[in-house]
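Visitor: What follows is coords22.pdb; its format and atoms are PDB, C-alpha atoms.
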```pdb
ATOM      1  CA  MET A1469      60.612 104.861-130.952
ATOM      2  CA  PRO A1470      60.743 102.160-128.259
ATOM      3  CA  ALA A1471      60.986 103.318-124.688
ATOM      4  CA  PRO A1472      64.502 103.026-123.272
ATOM      5  CA  CYS A1473      65.139 100.355-120.716
ATOM      6  CA  HIS A1474      65.937 101.465-117.202
ATOM      7  CA  TYR A1475      69.119 100.163-115.752
ATOM      8  CA  GLU A1476      70.227  98.562-112.547
ATOM      9  CA  HIS A1477      73.562  99.897-111.440
ATOM     10  CA  GLY A1478      75.889  97.600-109.583
ATOM     11  CA  CYS A1479      79.514  96.818-108.995
ATOM     12  CA  SER A1480      81.613  95.174-111.653
ATOM     13  CA  THR A1481      80.726  91.680-110.443
ATOM     14  CA  PHE A1482      77.280  92.229-112.042
ATOM     15  CA  ASP A1483      75.582  90.517-109.127
ATOM     16  CA  GLY A1484      72.021  91.763-108.925
ATOM     17  CA  PRO A1485      68.725  90.672-107.416
ATOM     18  CA  THR A1486      66.718  87.860-108.950
ATOM     19  CA  LEU A1487      64.690  89.266-111.857
ATOM     20  CA  HIS A1488      61.004  88.572-112.496
ATOM     21  CA  THR A1489      58.878  89.278-115.539
ATOM     22  CA  ASN A1490      56.501  91.812-113.999
ATOM     23  CA  SER A1491      56.325  95.494-114.792
ATOM     24  CA  ALA A1492      57.122  96.549-111.227
ATOM     25  CA  GLN A1493      60.628  95.169-111.666
ATOM     26  CA  HIS A1494      61.126  97.597-114.546
ATOM     27  CA  ASN A1495      61.513 100.606-112.238
ATOM     28  CA  PRO A1496      64.996 102.156-112.242
ATOM     29  CA  ILE A1497      67.433 101.866-109.394
ATOM     30  CA  ARG A1498      69.161 105.167-108.838
ATOM     31  CA  PRO A1499      72.923 105.112-109.330
ATOM     32  CA  THR A1500      75.336 105.983-106.571
ATOM     33  CA  ASN A1501      77.410 109.149-106.677
ATOM     34  CA  ALA A1502      80.466 107.147-107.702
ATOM     35  CA  SER A1503      78.805 106.272-110.967
ATOM     36  CA  ALA A1504      76.722 109.337-111.683
ATOM     37  CA  ASN A1505      78.283 109.446-115.147
ATOM     38  CA  HIS A1506      76.121 106.419-116.060
ATOM     39  CA  SER A1507      72.863 108.175-115.244
ATOM     40  CA  ARG A1508      72.546 109.517-118.786
ATOM     41  CA  VAL A1509      73.138 106.136-120.462
ATOM     42  CA  GLN A1510      70.076 104.622-122.085
ATOM     43  CA  LEU A1511      69.603 101.280-123.814
ATOM     44  CA  THR A1512      66.718 100.457-126.181
ATOM     45  CA  LEU A1513      65.676  97.103-127.588
ATOM     46  CA  GLU A1514      66.049  97.196-131.360
ATOM     47  CA  ASN A1515      63.230  94.724-132.186
ATOM     48  CA  GLU A1516      60.994  95.388-129.212
ATOM     49  CA  ALA A1517      57.699  94.785-131.071
ATOM     50  CA  LEU A1518      58.775  91.277-132.065
ATOM     51  CA  TRP A1519      59.924  90.461-128.541
ATOM     52  CA  GLN A1520      56.575  91.681-127.213
ATOM     53  CA  ARG A1521      54.720  89.308-129.540
ATOM     54  CA  PHE A1522      56.719  86.333-128.281
ATOM     55  CA  HIS A1523      56.425  87.458-124.682
ATOM     56  CA  SER A1524      52.631  87.695-124.947
ATOM     57  CA  VAL A1525      52.341  83.938-125.576
ATOM     58  CA  GLY A1526      55.260  82.808-123.383
ATOM     59  CA  ASN A1527      58.565  82.774-125.226
ATOM     60  CA  GLU A1528      60.679  79.620-125.544
ATOM     61  CA  MET A1529      64.289  79.174-126.605
ATOM     62  CA  ILE A1530      65.805  75.963-127.931
ATOM     63  CA  ILE A1531      68.964  74.732-126.202
ATOM     64  CA  THR A1532      71.128  71.990-127.714
ATOM     65  CA  LYS A1533      74.341  70.221-126.882
ATOM     66  CA  SER A1534      76.235  71.972-129.678
ATOM     67  CA  GLY A1535      74.622  75.367-128.953
ATOM     68  CA  ARG A1536      71.697  77.247-130.522
ATOM     69  CA  ARG A1537      71.355  80.952-131.237
ATOM     70  CA  THR A1538      68.438  82.934-129.858
ATOM     71  CA  PHE A1539      65.468  84.126-131.857
ATOM     72  CA  PRO A1540      64.455  86.896-131.819
ATOM     73  CA  PRO A1541      68.092  88.030-131.869
ATOM     74  CA  CYS A1542      69.441  90.116-128.999
ATOM     75  CA  CYS A1543      70.047  93.532-130.517
ATOM     76  CA  VAL A1544      70.123  96.878-128.661
ATOM     77  CA  CYS A1545      70.960 100.528-129.229
ATOM     78  CA  VAL A1546      72.822 102.655-126.701
ATOM     79  CA  SER A1547      72.989 106.384-126.171
ATOM     80  CA  GLY A1548      74.441 108.758-123.584
ATOM     81  CA  LEU A1549      77.977 107.321-123.595
ATOM     82  CA  ASP A1550      81.094 109.452-123.548
ATOM     83  CA  ALA A1551      82.211 109.473-127.170
ATOM     84  CA  HIS A1552      85.913 109.534-126.221
ATOM     85  CA  SER A1553      85.830 106.854-123.506
ATOM     86  CA  GLN A1554      86.093 103.130-124.097
ATOM     87  CA  TYR A1555      83.397 100.699-123.030
ATOM     88  CA  THR A1556      82.952  96.957-122.901
ATOM     89  CA  MET A1557      79.571  95.416-123.701
ATOM     90  CA  LEU A1558      78.597  92.156-122.004
ATOM     91  CA  MET A1559      75.534  89.973-121.743
ATOM     92  CA  ASP A1560      74.498  87.206-119.369
ATOM     93  CA  ILE A1561      71.357  85.151-118.717
ATOM     94  CA  VAL A1562      70.150  84.554-115.156
ATOM     95  CA  PRO A1563      67.328  82.434-113.668
ATOM     96  CA  VAL A1564      64.054  84.257-113.103
ATOM     97  CA  ASP A1565      63.005  82.102-110.142
ATOM     98  CA  ASN A1566      63.725  78.855-108.329
ATOM     99  CA  ILE A1567      61.100  76.764-110.159
ATOM    100  CA  ARG A1568      61.255  73.991-112.734
ATOM    101  CA  TYR A1569      58.364  74.315-115.173
ATOM    102  CA  LYS A1570      56.300  71.817-117.144
ATOM    103  CA  TRP A1571      53.973  72.256-120.126
ATOM    104  CA  GLN A1572      50.540  71.036-119.144
ATOM    105  CA  SER A1573      47.019  71.869-120.337
ATOM    106  CA  LYS A1574      48.499  74.200-122.967
ATOM    107  CA  ARG A1575      50.268  76.401-120.444
ATOM    108  CA  TRP A1576      53.397  76.529-118.310
ATOM    109  CA  GLU A1577      52.967  75.383-114.721
ATOM    110  CA  ALA A1578      55.314  74.931-111.779
ATOM    111  CA  GLY A1579      56.624  71.391-111.766
ATOM    112  CA  GLY A1580      58.974  71.379-108.817
ATOM    113  CA  LYS A1581      62.125  72.901-107.453
ATOM    114  CA  ALA A1582      64.737  74.179-109.870
ATOM    115  CA  GLU A1583      67.979  72.345-110.437
ATOM    116  CA  PRO A1584      71.148  73.764-108.882
ATOM    117  CA  ASN A1585      72.392  76.909-110.556
ATOM    118  CA  LEU A1586      75.107  76.467-113.140
ATOM    119  CA  PRO A1587      78.269  78.586-113.214
ATOM    120  CA  ARG A1588      77.323  81.952-114.697
ATOM    121  CA  ARG A1589      78.955  82.821-117.985
ATOM    122  CA  PHE A1590      79.218  86.255-119.558
ATOM    123  CA  TYR A1591      79.242  86.778-123.280
ATOM    124  CA  ILE A1592      81.594  89.627-124.163
ATOM    125  CA  HIS A1593      80.751  91.397-127.391
ATOM    126  CA  PRO A1594      83.572  90.737-129.889
ATOM    127  CA  ASP A1595      83.972  94.487-130.617
ATOM    128  CA  SER A1596      84.852  95.196-126.986
ATOM    129  CA  PRO A1597      86.402  97.439-125.915
ATOM    130  CA  SER A1598      85.388 100.285-128.245
ATOM    131  CA  PHE A1599      84.872 103.999-127.969
ATOM    132  CA  GLY A1600      81.461 105.284-127.012
ATOM    133  CA  SER A1601      81.110 106.929-130.412
ATOM    134  CA  ALA A1602      81.466 103.523-132.104
ATOM    135  CA  TRP A1603      78.888 101.855-129.845
ATOM    136  CA  MET A1604      76.377 104.655-130.406
ATOM    137  CA  SER A1605      76.818 104.728-134.185
ATOM    138  CA  LYS A1606      74.946 101.498-134.916
ATOM    139  CA  PRO A1607      72.821  98.758-133.278
ATOM    140  CA  ILE A1608      74.751  96.343-131.060
ATOM    141  CA  SER A1609      73.967  92.737-131.987
ATOM    142  CA  PHE A1610      74.647  89.715-129.771
ATOM    143  CA  HIS A1611      73.501  87.274-132.459
ATOM    144  CA  LYS A1612      76.574  85.045-132.001
ATOM    145  CA  LEU A1613      75.588  84.158-128.448
ATOM    146  CA  LYS A1614      74.550  80.496-128.208
ATOM    147  CA  LEU A1615      72.595  78.541-125.603
ATOM    148  CA  THR A1616      73.533  75.002-124.603
ATOM    149  CA  ASN A1617      72.565  72.329-122.091
ATOM    150  CA  ASN A1618      76.026  70.756-122.163
ATOM    151  CA  THR A1619      77.448  71.287-118.685
ATOM    152  CA  LEU A1620      80.913  70.344-120.001
ATOM    153  CA  ASP A1621      80.836  72.910-122.814
ATOM    154  CA  GLN A1622      84.244  74.328-123.720
ATOM    155  CA  GLN A1623      83.082  76.677-126.498
ATOM    156  CA  GLY A1624      82.042  79.558-124.266
ATOM    157  CA  HIS A1625      78.310  79.067-124.806
ATOM    158  CA  VAL A1626      75.819  80.050-122.095
ATOM    159  CA  ILE A1627      74.806  76.910-120.171
ATOM    160  CA  LEU A1628      71.134  76.622-119.178
ATOM    161  CA  HIS A1629      68.781  74.029-117.718
ATOM    162  CA  SER A1630      65.848  72.855-119.779
ATOM    163  CA  MET A1631      62.362  73.734-118.481
ATOM    164  CA  HIS A1632      63.651  76.723-116.482
ATOM    165  CA  ARG A1633      62.779  80.375-117.003
ATOM    166  CA  TYR A1634      65.586  82.835-117.687
ATOM    167  CA  GLN A1635      66.118  86.583-118.117
ATOM    168  CA  PRO A1636      68.813  88.101-120.379
ATOM    169  CA  ARG A1637      70.730  91.120-119.072
ATOM    170  CA  PHE A1638      73.017  93.663-120.737
ATOM    171  CA  HIS A1639      76.018  95.241-119.029
ATOM    172  CA  ILE A1640      78.029  98.314-119.998
ATOM    173  CA  VAL A1641      81.418  98.723-118.336
ATOM    174  CA  GLN A1642      83.641 101.761-118.837
ATOM    175  CA  SER A1643      86.988 100.099-119.345
ATOM    176  CA  ASN A1644      89.715 100.052-121.948
ATOM    177  CA  ARG A1645      91.053  96.648-120.890
ATOM    178  CA  LEU A1646      89.101  93.413-120.474
ATOM    179  CA  TYR A1647      91.155  92.277-117.476
ATOM    180  CA  SER A1648      90.257  95.433-115.578
ATOM    181  CA  LEU A1649      86.459  94.930-115.708
ATOM    182  CA  HIS A1650      86.227  93.996-112.034
ATOM    183  CA  TRP A1651      87.610  97.339-110.947
ATOM    184  CA  ASN A1652      85.250  99.567-112.930
ATOM    185  CA  SER A1653      81.673 100.662-112.406
ATOM    186  CA  SER A1654      78.964  99.237-114.641
ATOM    187  CA  ALA A1655      75.360  99.722-115.667
ATOM    188  CA  THR A1656      73.031  96.728-116.079
ATOM    189  CA  PHE A1657      69.916  96.876-118.275
ATOM    190  CA  VAL A1658      66.970  94.478-118.174
ATOM    191  CA  PHE A1659      64.093  94.056-120.639
ATOM    192  CA  PRO A1660      61.320  91.948-119.029
ATOM    193  CA  GLU A1661      59.847  91.049-122.424
ATOM    194  CA  MET A1662      63.013  89.074-123.199
ATOM    195  CA  ALA A1663      62.319  86.429-120.522
ATOM    196  CA  PHE A1664      61.961  82.901-121.892
ATOM    197  CA  VAL A1665      61.732  79.218-120.971
ATOM    198  CA  ALA A1666      64.641  77.053-122.115
ATOM    199  CA  VAL A1667      63.461  73.894-123.913
ATOM    200  CA  THR A1668      64.921  71.138-126.049
ATOM    201  CA  ALA A1669      61.805  71.143-128.290
ATOM    202  CA  TYR A1670      59.076  73.728-128.638
ATOM    203  CA  GLN A1671      56.046  72.974-126.478
ATOM    204  CA  ASN A1672      53.704  75.808-127.450
ATOM    205  CA  THR A1673      52.481  75.553-131.051
ATOM    206  CA  ARG A1674      51.880  79.321-131.125
ATOM    207  CA  ILE A1675      55.567  79.907-130.417
ATOM    208  CA  THR A1676      56.450  77.471-133.189
ATOM    209  CA  ARG A1677      54.257  79.361-135.613
ATOM    210  CA  LEU A1678      55.778  82.712-134.616
ATOM    211  CA  LYS A1679      59.281  81.315-135.095
ATOM    212  CA  ILE A1680      58.350  79.943-138.519
ATOM    213  CA  ASP A1681      56.709  83.160-139.670
ATOM    214  CA  ASN A1682      59.436  85.530-138.482
ATOM    215  CA  ASN A1683      62.720  83.628-138.628
ATOM    216  CA  PRO A1684      64.254  83.865-142.130
ATOM    217  CA  PHE A1685      66.317  80.740-141.405
ATOM    218  CA  ALA A1686      63.298  78.572-140.507
ATOM    219  CA  LYS A1687      62.959  77.042-143.982
ATOM    220  CA  GLY A1688      62.864  73.523-142.558
ATOM    221  CA  PHE A1689      59.981  74.504-140.271
ATOM    222  CA  ARG A1690      58.053  76.055-143.138
ATOM    223  CA  LEU A1691      58.362  72.838-145.137
ATOM    224  CA  HIS A1692      57.712  70.350-142.345
ATOM    225  CA  GLY A1693      55.862  72.182-139.572
ATOM    226  CA  MET A1694      56.439  71.246-135.921
ATOM    227  CA  ASN A1695      59.816  70.498-134.456
ATOM    228  CA  SER A1696      58.717  67.991-131.859
ATOM    229  CA  LYS A1697      59.961  64.426-131.715
ATOM    230  CA  ARG A1698      56.480  63.035-132.285
ATOM    231  CA  GLU A1699      55.996  65.186-135.358
ATOM    232  CA  ARG A1700      59.407  64.242-136.755
ATOM    233  CA  GLU A1701      58.716  60.541-136.248
ATOM    234  CA  ALA A1702      55.276  60.872-137.835
ATOM    235  CA  ARG A1703      56.765  62.702-140.824
ATOM    236  CA  SER A1704      59.505  60.100-141.158
ATOM    237  CA  GLU A1705      57.018  57.222-141.056
ATOM    238  CA  GLN A1706      54.776  58.965-143.562
ATOM    239  CA  ASP A1707      57.718  59.593-145.865
ATOM    240  CA  HIS A1708      58.668  55.910-145.672
ATOM    241  CA  ARG A1709      55.115  54.888-146.518
ATOM    242  CA  HIS A1710      54.996  57.273-149.462
ATOM    243  CA  GLN A1711      58.364  56.039-150.680
ATOM    244  CA  ALA A1712      57.277  52.391-150.405
ATOM    245  CA  ALA A1713      54.038  53.156-152.237
ATOM    246  CA  ALA A1714      55.933  54.991-154.956
ATOM    247  CA  GLU A1715      58.360  52.096-155.362
ATOM    248  CA  GLU A1716      55.460  49.639-155.540
ATOM    249  CA  ARG A1717      53.751  51.772-158.171
ATOM    250  CA  ASP A1718      56.974  51.994-160.155
ATOM    251  CA  SER A1719      57.412  48.219-159.939
ATOM    252  CA  THR A1720      53.815  47.631-161.042
ATOM    253  CA  ASP A1721      54.177  50.104-163.891
ATOM    254  CA  CYS A1722      57.428  48.454-164.939
ATOM    255  CA  LYS A1723      55.820  45.001-164.978
ATOM    256  CA  GLN A1724      52.854  46.342-166.921
ATOM    257  CA  ARG A1725      55.155  47.976-169.437
ATOM    258  CA  LYS A1726      57.020  44.691-169.855
ATOM    259  CA  ARG A1727      53.737  42.830-170.384
ATOM    260  CA  ASP A1728      52.597  45.429-172.877
ATOM    261  CA  ALA A1729      55.914  45.249-174.673
ATOM    262  CA  SER A1730      55.712  41.448-174.802
ATOM    263  CA  ALA A1731      52.152  41.616-176.100
ATOM    264  CA  GLU A1732      53.151  44.136-178.741
ATOM    265  CA  ALA A1733      56.095  41.954-179.740
ATOM    266  CA  GLY A1734      53.780  38.915-180.062
ATOM    267  CA  GLU A1735      51.257  40.854-182.109
ATOM    268  CA  SER A1736      54.009  42.151-184.361
ATOM    269  CA  LYS A1737      55.351  38.621-184.919
ATOM    270  CA  SER A1738      51.857  37.318-185.660
ATOM    271  CA  CYS A1739      51.275  40.133-188.095
ATOM    272  CA  ARG A1740      54.526  39.326-189.844
ATOM    273  CA  GLN A1741      53.564  35.662-190.077
ATOM    274  CA  ARG A1742      50.131  36.494-191.430
ATOM    275  CA  SER A1743      51.673  38.911-193.854
ATOM    276  CA  SER A1744      54.126  36.302-195.158
ATOM    277  CA  THR A1745      51.327  33.706-195.497
ATOM    278  CA  GLY A1746      49.165  36.201-197.344
ATOM    279  CA  ASP A1747      52.002  36.941-199.733
ATOM    280  CA  VAL A1748      52.303  33.283-200.525
ATOM    281  CA  LEU A1749      48.561  32.982-201.124
ATOM    282  CA  LYS A1750      48.510  36.069-203.263
ATOM    283  CA  GLN A1751      51.199  34.781-205.652
ATOM    284  CA  PRO A1752      49.709  34.016-209.170
ATOM    285  CA  VAL A1753      49.187  30.294-209.834
ATOM    286  CA  SER A1754      50.217  29.179-213.299
ATOM    287  CA  ALA A1755      47.628  27.125-215.299
ATOM    288  CA  PRO A1756      48.352  23.392-215.711
ATOM    289  CA  ILE A1757      49.992  22.557-218.999
ATOM    290  CA  ALA A1758      47.714  20.166-220.996
ATOM    291  CA  PHE A1759      48.975  17.922-223.817
ATOM    292  CA  ILE A1760      47.567  19.146-227.093
ATOM    293  CA  PRO A1761      47.829  16.624-229.904
ATOM    294  CA  PRO A1762      49.246  17.844-233.116
ATOM    295  CA  ALA A1763      46.695  19.534-235.219
ATOM    296  CA  LEU A1764      44.977  17.329-237.747
ATOM    297  CA  THR A1765      45.357  18.520-241.318
ATOM    298  CA  ARG A1766      42.606  18.433-243.795
ATOM    299  CA  ALA A1767      44.482  15.812-245.763
ATOM    300  CA  SER A1768      44.710  13.520-242.786
ATOM    301  CA  TRP A1769      40.978  13.801-242.245
ATOM    302  CA  GLU A1770      40.379  13.068-245.855
ATOM    303  CA  ASN A1771      42.639  10.045-245.720
ATOM    304  CA  THR A1772      40.706   8.774-242.799
ATOM    305  CA  ASP A1773      37.431   9.169-244.717
ATOM    306  CA  ASN A1774      38.814   7.252-247.678
ATOM    307  CA  THR A1775      39.926   4.423-245.489
ATOM    308  CA  HIS A1776      36.458   4.096-243.970
ATOM    309  CA  SER A1777      34.942   4.062-247.468
ATOM    310  CA  LYS A1778      37.170   1.247-248.628
ATOM    311  CA  GLU A1779      36.301  -0.793-245.546
ATOM    312  CA  GLU A1780      32.579  -0.301-246.165
ATOM    313  CA  ALA A1781      33.007  -1.379-249.832
ATOM    314  CA  GLN A1782      34.679  -4.579-248.763
ATOM    315  CA  TRP A1783      31.768  -5.407-246.544
TER
END
```
Would you mind writing the file's structure down as structure tokens?
Guide:
Amino acid sequence: MPAPCHYEHGCSTFDGPTLHTNSAQHNPIRPTNASANHSRVQLTLENEALWQRFHSVGNEMIITKSGRRTFPPCCVCVSGLDAHSQYTMLMDIVPVDNIRYKWQSKRWEAGGKAEPNLPRRFYIHPDSPSFGSAWMSKPISFHKLKLTNNTLDQQGHVILHSMHRYQPRFHIVQSNRLYSLHWNSSATFVFPEMAFVAVTAYQNTRITRLKIDNNPFAKGFRLHGMNSKREREARSEQDHRHQAAAEERDSTDCKQRKRDASAEAGESKSCRQRSSTGDVLKQPVSAPIAFIPPALTRASWENTDNTHSKEEAQW
């Protein structure tokens, strides 16, 4: 069971001191008598172990012009509320310090003075307001909250500066109407392990690996690895080279197949020609017809002998 987060009580404007990511800042601030009913309220981080893993290596969150959701998701559980009273749940993200950071030598270092603070936006949970019994019955997820670097955003996303460190905060206001938030007491809860650096591309490869291994929607990362511009360009160039090589191989194979087909066609034609010639040579040749004189009868031979005898007698 994760330890409950201590709260900072303040007025409904939610203006509190600048938060830092050290354990000393985690000490509770005692509530005033006017809001003693909030002293029993406790808030716990639903996925604290995962947040601790990211915090141990220096968490980073991607911000885009169209807005990007946080990972790990912001999910908490609340207890100690009045079951029959209505509450509004809010969340905001404030700067940790007045420093602009840079990633150098595999670590975050101070790179100068921070840019001017942007107008603070609060994300109101869409189930607000609800009875305390409803809030305490299940985990409260702020997964629809999105981070953007578009200063002209009109979608209600939280606007942040890149390369700045931020701290999420949760607020519980006892109120049954959203327009009356400023006139009601509130309790603010801070989890130091949720601090992060806003970036447009992950700088720490260990953070990238943690995101890939734990985010069920990181299929693209699992297939392609890093999400940096250099890595994307390298992958794109490599894909183009592989595609060109594949096309060249296909073209070569096609030409070879055509040559083979032509050779086979020529051999087949030659075989047919040889076959037809062989058939002609193999045809039986009829014997020449010789003239055979009529057979000589015995009488004709005898007549010839008599003639020769008469001629001899005359001589």
Visitor: Have a look at A:Ser1605, A:Phe1659, A:Arg1677, A:Ile1627 and name the one nearest to Ala1551 in chain A; count only C-alpha atoms.
Guide: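 The shortest atom-to-atom distance to Ala1551 in chain A comes from A:Ser1605.
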Visitor: Any chance you could work out the residue set of the PyMOL selection byres ((chain A and resi 1617) around 10) here, as a PyMOL selection string?
Guide: chain A and resi 1530-1536+1615-1616+1618-1621+1625-1630+1666-1668
Visitor: Enter the distance from CA of Gln1671 in chain A to CA of His1710 in chain A, in Å, rounded to one decimal.
Guide: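 These atoms are spaced 27.9 Å apart.
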Visitor: Can you build me a table of range 1634-1666 of chain A residues sitting at most 9 Å from range 1591-1597 of chain A, with the closest atom pair per residue and its distance in Å to one decimal, using all atoms listed in the file, sorted by chain and residue number, as a tab-separated table?
Guide:
```
residue	atom	partner	partner_atom	distance
A:Gln1642	CA	A:Pro1597	CA	8.7
A:Ser1643	CA	A:Pro1597	CA	7.1
A:Asn1644	CA	A:Pro1597	CA	5.8
A:Arg1645	CA	A:Pro1597	CA	6.9
A:Leu1646	CA	A:Pro1597	CA	7.3
```
Visitor: Determine, counting only C-alpha atoms, which protein, DNA and RNA residues have an atom within 9 Å of an atom of Pro1607 in chain A; residues of the same chain fewer than 2 positions away are not included. Present the result as a PyMOL selection string.
Guide: chain A and resi 1514+1543-1546+1603-1605+1609
